Every structure is written in structure tokens, then in C-alpha cells.
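Shown next, in C-alpha cells, is the structure this report addresses.
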Amino acid sequence: MSKQLKSPFALVIVDGWGISQNCERNAFFLAHTPNFDALEKSFGRSELHAAGESVGLLADEPGQPDAGHLVIGAGRIIESPAARIASAISSGEFFNNEVLTKTISAVKSNGRALHLMGLLSDAGIHSSVGTLFALLKLAKIAGVENVYVHPILDGHDVAPRTADVYLEALEVKMNEIGVGRIATVCGRHFAMDTSGNWGKTARVFTMLAHSEGERASDAVSAVRSSFLRGITDEFIAPIVIESQPDLPVATISDGDAIIFFNHKADGMRQLAFTLAASKRENGEFRYNIVTMVEYDPSLNVPAAFEPNKAIGGFGFNLAEKRIRNVRFAETERFQHITAFLGSKALSEDGAVQNNVLISRRYESIHQSDPEMGSFKLADKFIAAIESEPDTFLIANLSAADLMASTGDLEKTIEAVQFIDTCIGGMWEAIRRQRGTMIITSSHGNFEDVRPLSGGPTRAAGTRNRVPFIIAGEKLRNGRVRPEGSLADIAPTVFQIIDLEPPQTMSGRSLIVQ
């Protein structure tokens, strides 16, 4: 059965917009935002929990765009990979994981080596040291002797110049468990590239497979030497650790197993693809590769924990009801408004999902363009309403969130003001067609912009609540619950467009009857 919208409906996600009473480095408070201010005064407003357990993250974990969009799409809490893995370790289920035990048993029976690779950091964004320690314990239980760790150095999500401390702690833990040696070290600038710079990835591959790179007898001393040369953690080039002169501790050899322990896919994807591309003449993988979670379906390697998708999310329901929907985002958040919110296209005579990508060079985030693609996105959004007014629109405005991650407060303020102008134009287009627009965020960030130099750094996320505004002539001065969570957004959407929410959604509509 199809359903026709009588007027446009828009869900606009302004990533990084959190609520904070601290005004000192609050880009939203410091910015001139007449359009946001007018909408907040005229229409119903709520505050939503967007961090920690309310969105499936660990209890004290800051909000993240990935987790936030998944929960928005599903209308229920979707447990994050980090939380799932931590729970499995706590319960002991981790040590019976079929993929991991099978891989490690094969290493033991075939007399091969086990290589553990990932970001050595306790920030919890990309990886967890708890996962690495659990893998070392699993190898010890299985009796594997040749276990080598290839730490990727952080200094971005944690304070710079701390990699030596993390490496020392790792060595202490390996001695305590009774297995494991550090074989290589490398900064995340090389090992976790996400911009398609395969030259960086190639340097890491040759370090791992051919022992190419700076040589050192001790990982901690090598890192401290880099610090003395002015090179911080993430920018440390590949270093090969030697057990004695000209003899590397280990290289990754044919038949060895590699377990990537990052629970976030994006930073590890290029390196995983590069290692998987190394095949024997018969086409078989040269290495037995396992990822902690699915990094990419086309990688064709086993994942210890299967992906937790937003099945039953409102994206699927829009398609099933044959409601035309158009989605807009810049490159960094395109996956978030498609796959993470639920994405399903039907045949030509059914519902149509049109995805509008606003392309922009990745480097421009750091080359300081506060506008980014905001105005281009808003123009396409307005044009879509004018051409087909009965459309469901989903837009992600990410410029201020991305700019906040650079630590530049002034440019983040500019980005907020550009977005405010865009919101004004988008709302006017909706208003002219007597439509409805929800404005919210997937996580907080730019209400607390911290500089990246001269002190500790953090990833793009805070534990603050995020705003939720429902704007529409029929909803002027309407009542909404003062507090809720991201899981309540989808049920609210369904109520407004007069659809019955699926039973999979545990969230509750924010509209007060």
C-alpha cells in the first residue's frame, strides 16, 4: 500500500549540536543564529540524550555520529560494537567466539604466527586496549607462542606525546599474560588513512610484510627518539623492531593470521584491503585475516562480531509505504544518512530513494573552509521541495561538527553561522508548502570546541544532550516532552506523517497529546 504525503516533511540533522551552559568555547552560544533562535522560540523543543547507554555506547562514552544515526534510524537502542565486545569479554563469551577460536586454533596447529593489529589507545573511539588484552589471553589459553603486536600510535583522540606510556603499559601487560612481543610501531597518520592516500598505506604494508622502515631495538625508546625530533605519536613513520641487529622480531609471512582489533571500520579499511589483496598464485589469501567487526562486505574476510544493522528503521518503512524520500549529505556523513538510517530502494513503480552527495575534498576540513558544502546542500534541498513538494527529505549538515574537530573555535563559529543561514532558507521553503521540519543532532560536539595543541585532545563528541525542534504551522506552540532520547525521533516522525510505527521501535513519540 502506498501513502502520499500532503506536504513536505524534513528531518534535518545538524551534527555536533549539543547543549551546554558553559559559554567559553561554545561555538553555538558565541555564534549569531537568528534562524535557530526564532525556531526555538516559536515551536516545540525538547532535549535528547545522545551519549552513553542511551544510544548503545559504553556508560561514560561520548556521543558519536555513527551510533547516533543508527539509533535515530532504528527508533531503538542499537548496541555499539564497542559495547558488544566489552560485554562479551565481561561475560566470557568472547573466549568462546567461534571466529576467533577457530583462527587461533589454526595458528597453533599449523605452527604459524598470530599478528594483532590496531590502534593502541584508551579513548574508546576506534579500539579498546581491553580487546587487545583479551586477544592476548585467548592466544595464551590456546598455547600459541608466536604472538606479535603491531600497535598503531594515537596522539589524536588522546593527548599527544603519550604513545611511549601506552607502549610501556602494553609490555607490562604482555609480561603479565605471558605472551606477545611488539614487532612494529607506526602512527595512525600512515596506518589509518581514510582519504584514499594509498601511498601511506603502502608504507605500512611494506613495514609489515618486508620489514621496511626505520629500525630500532626497543619500541619505547624509538618513540621517545621521535618525540625528541619533534614528531608526535600519530605522525611517527613505520618503525621495525629488531630482536638483534638486522633481525626483525617478526614479519607477516605466508599462512600467518592477522586479527585487526579496531571496532570502528573506517580507519582500518584501507590497510585491511591492502593485506587481503596479497594472494597466492592460486588466488587464495596469503594471510588468514580476521576483523573484529565487518570493515567492508567486499573485503570477504570473517568478522568476529557480525554487523548490527538498523533493520526495521524508518528508511525501510518509507520504502515499504512507497513514500518518496531524498537524502542529502556531504561525503563524510553520506553513509550515515543512507545505510545507518535504513536504506532500501524498491522498483521503479514503487518508492523512490534519491541520495544527493555533496562532494568535497577531504583535505578541505583542515584547509579551513567553514562553509564546506552547506550552501550547496541547502540549495539542492530547496530545489527538491520546489520540484516535488510531497517529498520526505533527510539532510545532514556536518560542517560545524567537522570544523570543531580541528579545534579552531573561530572557524567553527563561522560554520555554525553558515548553517544557521541555510536552516533559514530550508525552513522558508518548507513553510511555503505548509510542511513540517524536525531539526536535531546525532551527538554533541561544537558546544565544546577544544584546541588540538597545547593540551589533551578528544574525538568529535561530548556527553551533552542535543536539541530537538519540531517546526510547522500546525505545530506552532505545540507541546513536546521536555526530555527524551534519539530513539524517540523515529516514532515522532511516524506520528507526524500518520504512519503506524513498527513493533521493533521501542522509542516513544515526543509529541504530547
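Naming scheme: A, B, ... for chains in displayed order of the C-alpha cells; residues 1 onward per chain; ligands 1 onward as shown.
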Would you pick out the contacts of stretch 258-266 of chain A at 10 Å or less, using only C-alpha atoms, so that residues sharing its chain but fewer than 5 positions from it are not included, and give the list as a PDB file with C-alpha atoms, in the first residue's frame?
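Result file follows (part09.pdb):
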```pdb
ATOM      1  CA  ASP A  66      27.737   6.500  13.870  1.00  0.00           C
ATOM      2  CA  SER A  80      27.563  -0.298  19.594  1.00  0.00           C
ATOM      3  CA  PRO A  81      30.344  -2.687  18.529  1.00  0.00           C
ATOM      4  CA  ALA A  82      32.498  -1.456  21.426  1.00  0.00           C
ATOM      5  CA  ALA A  83      29.737  -2.185  23.936  1.00  0.00           C
ATOM      6  CA  ARG A  84      29.010  -5.601  22.386  1.00  0.00           C
ATOM      7  CA  ILE A  85      32.667  -6.605  22.533  1.00  0.00           C
ATOM      8  CA  LEU A 100      38.417 -16.082  16.983  1.00  0.00           C
ATOM      9  CA  THR A 103      41.541 -18.714  13.755  1.00  0.00           C
ATOM     10  CA  ILE A 104      43.804 -19.030  16.780  1.00  0.00           C
ATOM     11  CA  ALA A 113      52.342 -16.770  13.875  1.00  0.00           C
ATOM     12  CA  LEU A 114      49.486 -14.622  15.153  1.00  0.00           C
ATOM     13  CA  HIS A 115      49.635 -10.875  14.487  1.00  0.00           C
ATOM     14  CA  LEU A 116      47.408  -8.437  16.402  1.00  0.00           C
ATOM     15  CA  MET A 117      46.977  -5.030  14.808  1.00  0.00           C
ATOM     16  CA  GLY A 118      45.061  -1.905  15.810  1.00  0.00           C
ATOM     17  CA  LEU A 119      45.096   1.484  17.486  1.00  0.00           C
ATOM     18  CA  LEU A 120      46.796   1.454  20.887  1.00  0.00           C
ATOM     19  CA  GLY A 124      37.450   4.044  23.016  1.00  0.00           C
ATOM     20  CA  ILE A 125      36.616   5.648  19.663  1.00  0.00           C
ATOM     21  CA  HIS A 126      38.358   3.268  17.273  1.00  0.00           C
ATOM     22  CA  SER A 127      39.590   0.499  19.550  1.00  0.00           C
ATOM     23  CA  SER A 128      39.912  -0.727  23.100  1.00  0.00           C
ATOM     24  CA  VAL A 129      43.015  -1.906  24.905  1.00  0.00           C
ATOM     25  CA  GLY A 130      40.685  -4.326  26.686  1.00  0.00           C
ATOM     26  CA  THR A 131      40.057  -6.076  23.368  1.00  0.00           C
ATOM     27  CA  LEU A 132      43.790  -6.388  22.693  1.00  0.00           C
ATOM     28  CA  LEU A 135      43.060 -11.473  22.423  1.00  0.00           C
ATOM     29  CA  TYR A 148      53.212 -10.325  17.684  1.00  0.00           C
ATOM     30  CA  VAL A 149      51.559  -6.975  18.292  1.00  0.00           C
ATOM     31  CA  HIS A 150      51.686  -4.155  15.731  1.00  0.00           C
ATOM     32  CA  MET A 192      44.652   4.631   9.429  1.00  0.00           C
ATOM     33  CA  ASP A 193      44.359   6.868   6.391  1.00  0.00           C
ATOM     34  CA  THR A 194      40.756   7.440   5.276  1.00  0.00           C
ATOM     35  CA  ILE A 252      53.937 -11.163   8.409  1.00  0.00           C
ATOM     36  CA  LEU A 271      45.133  -1.413   5.324  1.00  0.00           C
ATOM     37  CA  ALA A 272      42.831  -4.443   5.540  1.00  0.00           C
ATOM     38  CA  LEU A 275      46.747  -7.052   3.103  1.00  0.00           C
ATOM     39  CA  TYR A 287      47.199 -14.295   5.128  1.00  0.00           C
ATOM     40  CA  ASN A 288      44.399 -15.534   7.347  1.00  0.00           C
ATOM     41  CA  ILE A 289      42.718 -12.197   8.089  1.00  0.00           C
ATOM     42  CA  VAL A 290      40.025 -11.600  10.710  1.00  0.00           C
ATOM     43  CA  THR A 291      38.443  -8.260  11.609  1.00  0.00           C
ATOM     44  CA  MET A 292      36.792  -7.548  14.933  1.00  0.00           C
ATOM     45  CA  VAL A 293      33.724  -6.179  13.139  1.00  0.00           C
ATOM     46  CA  GLU A 294      32.825  -6.092   9.462  1.00  0.00           C
ATOM     47  CA  TYR A 295      35.026  -3.455   7.828  1.00  0.00           C
ATOM     48  CA  ASP A 296      33.501  -3.818   4.367  1.00  0.00           C
ATOM     49  CA  ALA A 303      34.378 -10.781  11.303  1.00  0.00           C
ATOM     50  CA  ALA A 304      34.331 -11.856  14.943  1.00  0.00           C
ATOM     51  CA  PHE A 305      31.190  -9.801  15.559  1.00  0.00           C
TER      52      PHE A 305
END
```
Can you pull out every residue within 9 Å of A:Asp154, counting only C-alpha atoms, but drop anything in the same chain fewer than 5 positions away, and send it as a PyMOL selection string?
chain A and resi 119-121+159-160+162-163+187-189+233-235
Next, the residues of the selection above should be written as a tab-separated table (two decimals), in the first residue's frame with N, CA and C atoms.
```tsv
chain	number	residue	atom	x	y	z
A	119	LEU	N	44.71	0.24	16.82
A	119	LEU	CA	45.10	1.48	17.49
A	119	LEU	C	45.30	1.25	18.98
A	120	LEU	N	46.49	1.60	19.46
A	120	LEU	CA	46.80	1.45	20.89
A	120	LEU	C	46.35	2.73	21.60
A	121	SER	N	45.13	2.70	22.13
A	121	SER	CA	44.52	3.89	22.69
A	121	SER	C	43.42	3.50	23.65
A	159	ALA	N	45.92	12.48	24.44
A	159	ALA	CA	46.93	13.54	24.46
A	159	ALA	C	48.14	13.15	23.61
A	160	PRO	N	48.73	14.12	22.92
A	160	PRO	CA	49.95	13.83	22.16
A	160	PRO	C	51.11	13.53	23.08
A	162	THR	N	52.13	10.68	24.22
A	162	THR	CA	51.81	9.69	25.26
A	162	THR	C	52.01	8.25	24.78
A	163	ALA	N	52.38	8.08	23.51
A	163	ALA	CA	52.49	6.73	22.96
A	163	ALA	C	53.50	5.88	23.72
A	187	GLY	N	52.49	5.46	13.34
A	187	GLY	CA	51.46	6.43	13.66
A	187	GLY	C	50.21	6.23	12.82
A	188	ARG	N	49.07	6.66	13.35
A	188	ARG	CA	47.80	6.49	12.66
A	188	ARG	C	47.71	7.32	11.38
A	189	HIS	N	48.53	8.36	11.26
A	189	HIS	CA	48.55	9.16	10.03
A	189	HIS	C	48.85	8.27	8.83
A	233	ASP	N	53.07	11.35	18.14
A	233	ASP	CA	52.57	9.99	18.03
A	233	ASP	C	52.01	9.61	16.66
A	234	GLU	N	50.97	10.34	16.23
A	234	GLU	CA	50.25	9.94	15.03
A	234	GLU	C	51.07	10.06	13.75
A	235	PHE	N	52.13	10.89	13.78
A	235	PHE	CA	52.94	11.12	12.58
A	235	PHE	C	54.23	10.31	12.57
```
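Interatomic distance, atom CA of A:Ile423 against atom CA of A:Phe375: 9.8 Å.
Each of A:Phe133, A:Ala51, A:His69, A:Ile469 was checked against A:Ile89 using only C-alpha atoms; the smallest atom-to-atom distance is that of A:Phe133.
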List the spatial neighbours of A:Ile241 as a ChimeraX atom specification - criterion: any atom at most 12 Å away, only C-alpha atoms, same-chain residues fewer than 6 positions off excluded.
/A:148-151,181-186,207-208,211-223,247-251
Using only C-alpha atoms, which protein or nucleic acid residues come within 12 Å of A:Thr421? Drop anything in the same chain fewer than 5 positions from it, and give the result as a list in words.
Ala31, His32, Thr33, Pro34, Asn35, Phe36, Asp37, Glu371, Ser374, Phe375, Ala378, Asp379, Leu397, Glu414, Ala415, Val416, Met426, Trp427 and Glu428 of chain A
Apply DSSP to the backbone of this structure and, from stretch 206-299 of chain A, keep only the residues in strand (DSSP E or B); write these as a PyMOL selection string.
chain A and resi 214-216+239-244+247-248+257-260+279+285+288-293
Generate a file of the selected residues that holds N, CA and C atoms, formatted as a PDB file, in the first residue's frame.
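So part26.pdb came out as:
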```pdb
ATOM      1  N   GLU A 214      62.321   2.499   9.501  1.00  0.00           N
ATOM      2  CA  GLU A 214      63.364   2.758  10.495  1.00  0.00           C
ATOM      3  C   GLU A 214      63.511   1.534  11.397  1.00  0.00           C
ATOM      4  N   ARG A 215      64.737   1.239  11.790  1.00  0.00           N
ATOM      5  CA  ARG A 215      64.981   0.084  12.664  1.00  0.00           C
ATOM      6  C   ARG A 215      65.276   0.559  14.094  1.00  0.00           C
ATOM      7  N   ALA A 216      64.817  -0.235  15.066  1.00  0.00           N
ATOM      8  CA  ALA A 216      65.064   0.081  16.470  1.00  0.00           C
ATOM      9  C   ALA A 216      65.052  -1.210  17.273  1.00  0.00           C
ATOM     10  N   ILE A 239      58.222   1.944  11.965  1.00  0.00           N
ATOM     11  CA  ILE A 239      59.428   1.521  12.678  1.00  0.00           C
ATOM     12  C   ILE A 239      59.383   0.009  12.860  1.00  0.00           C
ATOM     13  N   VAL A 240      60.444  -0.663  12.470  1.00  0.00           N
ATOM     14  CA  VAL A 240      60.570  -2.117  12.620  1.00  0.00           C
ATOM     15  C   VAL A 240      61.428  -2.409  13.845  1.00  0.00           C
ATOM     16  N   ILE A 241      60.906  -3.210  14.754  1.00  0.00           N
ATOM     17  CA  ILE A 241      61.641  -3.561  15.972  1.00  0.00           C
ATOM     18  C   ILE A 241      62.500  -4.808  15.690  1.00  0.00           C
ATOM     19  N   GLU A 242      63.766  -4.746  16.107  1.00  0.00           N
ATOM     20  CA  GLU A 242      64.696  -5.854  15.881  1.00  0.00           C
ATOM     21  C   GLU A 242      64.962  -6.597  17.185  1.00  0.00           C
ATOM     22  N   SER A 243      65.084  -7.926  17.092  1.00  0.00           N
ATOM     23  CA  SER A 243      65.473  -8.724  18.252  1.00  0.00           C
ATOM     24  C   SER A 243      66.982  -8.718  18.428  1.00  0.00           C
ATOM     25  N   GLN A 244      67.691  -8.511  17.308  1.00  0.00           N
ATOM     26  CA  GLN A 244      69.125  -8.292  17.298  1.00  0.00           C
ATOM     27  C   GLN A 244      69.453  -7.572  15.994  1.00  0.00           C
ATOM     28  N   LEU A 247      67.873  -8.261  12.398  1.00  0.00           N
ATOM     29  CA  LEU A 247      66.935  -9.373  12.515  1.00  0.00           C
ATOM     30  C   LEU A 247      65.630  -8.878  13.138  1.00  0.00           C
ATOM     31  N   PRO A 248      64.605  -8.626  12.301  1.00  0.00           N
ATOM     32  CA  PRO A 248      63.321  -8.142  12.824  1.00  0.00           C
ATOM     33  C   PRO A 248      62.676  -9.151  13.774  1.00  0.00           C
ATOM     34  N   ALA A 257      48.270 -15.562  10.640  1.00  0.00           N
ATOM     35  CA  ALA A 257      46.947 -14.981  10.902  1.00  0.00           C
ATOM     36  C   ALA A 257      47.098 -13.540  11.377  1.00  0.00           C
ATOM     37  N   ILE A 258      46.191 -12.684  10.919  1.00  0.00           N
ATOM     38  CA  ILE A 258      46.170 -11.283  11.331  1.00  0.00           C
ATOM     39  C   ILE A 258      44.785 -10.986  11.895  1.00  0.00           C
ATOM     40  N   ILE A 259      44.732 -10.504  13.123  1.00  0.00           N
ATOM     41  CA  ILE A 259      43.458 -10.071  13.709  1.00  0.00           C
ATOM     42  C   ILE A 259      43.525  -8.563  13.924  1.00  0.00           C
ATOM     43  N   PHE A 260      42.653  -7.846  13.224  1.00  0.00           N
ATOM     44  CA  PHE A 260      42.519  -6.402  13.437  1.00  0.00           C
ATOM     45  C   PHE A 260      41.578  -6.195  14.615  1.00  0.00           C
ATOM     46  N   LYS A 279      47.768 -12.178  -2.505  1.00  0.00           N
ATOM     47  CA  LYS A 279      47.263 -13.544  -2.677  1.00  0.00           C
ATOM     48  C   LYS A 279      48.306 -14.452  -3.309  1.00  0.00           C
ATOM     49  N   PHE A 285      43.930 -16.312  -0.268  1.00  0.00           N
ATOM     50  CA  PHE A 285      44.540 -15.284   0.563  1.00  0.00           C
ATOM     51  C   PHE A 285      45.887 -15.758   1.089  1.00  0.00           C
ATOM     52  N   ASN A 288      45.699 -15.205   6.766  1.00  0.00           N
ATOM     53  CA  ASN A 288      44.399 -15.534   7.347  1.00  0.00           C
ATOM     54  C   ASN A 288      43.927 -14.319   8.143  1.00  0.00           C
ATOM     55  N   ILE A 289      43.103 -13.488   7.517  1.00  0.00           N
ATOM     56  CA  ILE A 289      42.718 -12.197   8.089  1.00  0.00           C
ATOM     57  C   ILE A 289      41.362 -12.281   8.768  1.00  0.00           C
ATOM     58  N   VAL A 290      41.287 -11.706   9.964  1.00  0.00           N
ATOM     59  CA  VAL A 290      40.025 -11.600  10.710  1.00  0.00           C
ATOM     60  C   VAL A 290      39.898 -10.162  11.195  1.00  0.00           C
ATOM     61  N   THR A 291      38.708  -9.590  11.067  1.00  0.00           N
ATOM     62  CA  THR A 291      38.443  -8.260  11.609  1.00  0.00           C
ATOM     63  C   THR A 291      37.516  -8.391  12.812  1.00  0.00           C
ATOM     64  N   MET A 292      37.621  -7.456  13.734  1.00  0.00           N
ATOM     65  CA  MET A 292      36.792  -7.548  14.933  1.00  0.00           C
ATOM     66  C   MET A 292      35.317  -7.343  14.599  1.00  0.00           C
ATOM     67  N   VAL A 293      35.060  -6.392  13.683  1.00  0.00           N
ATOM     68  CA  VAL A 293      33.724  -6.179  13.139  1.00  0.00           C
ATOM     69  C   VAL A 293      33.869  -6.140  11.627  1.00  0.00           C
TER      70      VAL A 293
END
```
For stretch 53-62 of chain A, list every protein, DNA or RNA residue within 7 Å, evaluated using only C-alpha atoms, and leave out those in the same chain fewer than 2 positions away; present the list as a PyMOL selection string.
chain A and resi 49-51+64+67-68+71+77-80+83+461-463+485
Generate the output file for the selected residues, N, CA and C atoms, as a CSV table (one decimal), in the first residue's frame.
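Final file, out16.csv:
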```csv
chain,number,residue,atom,x,y,z
A,49,HIS,N,18.9,12.8,25.1
A,49,HIS,CA,20.1,12.1,25.4
A,49,HIS,C,20.7,11.5,24.2
A,50,ALA,N,22.0,11.7,24.0
A,50,ALA,CA,22.6,11.3,22.8
A,50,ALA,C,24.0,10.6,23.0
A,51,ALA,N,24.3,10.2,24.2
A,51,ALA,CA,25.6,9.6,24.5
A,51,ALA,C,25.4,8.4,25.5
A,64,GLN,N,28.5,9.8,19.4
A,64,GLN,CA,29.3,9.7,18.1
A,64,GLN,C,28.2,9.7,17.0
A,67,ALA,N,26.8,6.0,16.0
A,67,ALA,CA,25.9,5.4,17.0
A,67,ALA,C,24.6,6.3,16.9
A,68,GLY,N,24.7,7.6,16.9
A,68,GLY,CA,23.6,8.5,16.9
A,68,GLY,C,22.7,8.2,15.7
A,71,VAL,N,20.7,4.8,15.9
A,71,VAL,CA,19.6,4.9,16.8
A,71,VAL,C,18.5,5.7,16.3
A,77,ILE,N,17.5,1.5,20.8
A,77,ILE,CA,18.9,1.5,21.1
A,77,ILE,C,19.5,0.4,20.3
A,78,ILE,N,20.6,0.7,19.6
A,78,ILE,CA,21.4,-0.3,18.9
A,78,ILE,C,22.8,-0.3,19.6
A,79,GLU,N,23.0,-1.5,20.2
A,79,GLU,CA,24.3,-1.6,20.9
A,79,GLU,C,25.5,-1.4,20.0
A,80,SER,N,26.4,-0.6,20.4
A,80,SER,CA,27.6,-0.3,19.6
A,80,SER,C,28.5,-1.5,19.6
A,83,ALA,N,30.5,-1.7,22.8
A,83,ALA,CA,29.7,-2.2,23.9
A,83,ALA,C,29.5,-3.7,23.8
A,461,GLY,N,33.1,14.5,19.9
A,461,GLY,CA,31.9,14.0,20.6
A,461,GLY,C,31.9,14.5,22.1
A,462,THR,N,30.7,14.8,22.6
A,462,THR,CA,30.6,15.1,24.1
A,462,THR,C,29.5,14.3,24.6
A,463,ARG,N,29.3,14.4,25.9
A,463,ARG,CA,28.2,13.6,26.6
A,463,ARG,C,26.9,14.5,26.8
A,485,SER,N,15.2,10.8,24.1
A,485,SER,CA,16.4,10.2,23.6
A,485,SER,C,16.4,10.2,22.1
```
Using DSSP on the backbone, list every residue of stretch 151-190 of chain A that comes out as alpha helix (DSSP H), and give them as an NGL selection string.
:A and (163-177 or 188-190)
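Considering the residues A:Gly484, A:Pro501, A:Pro389, A:Gly342 and counting only C-alpha atoms, A:Ala74 has its shortest atom-to-atom contact with A:Gly342.
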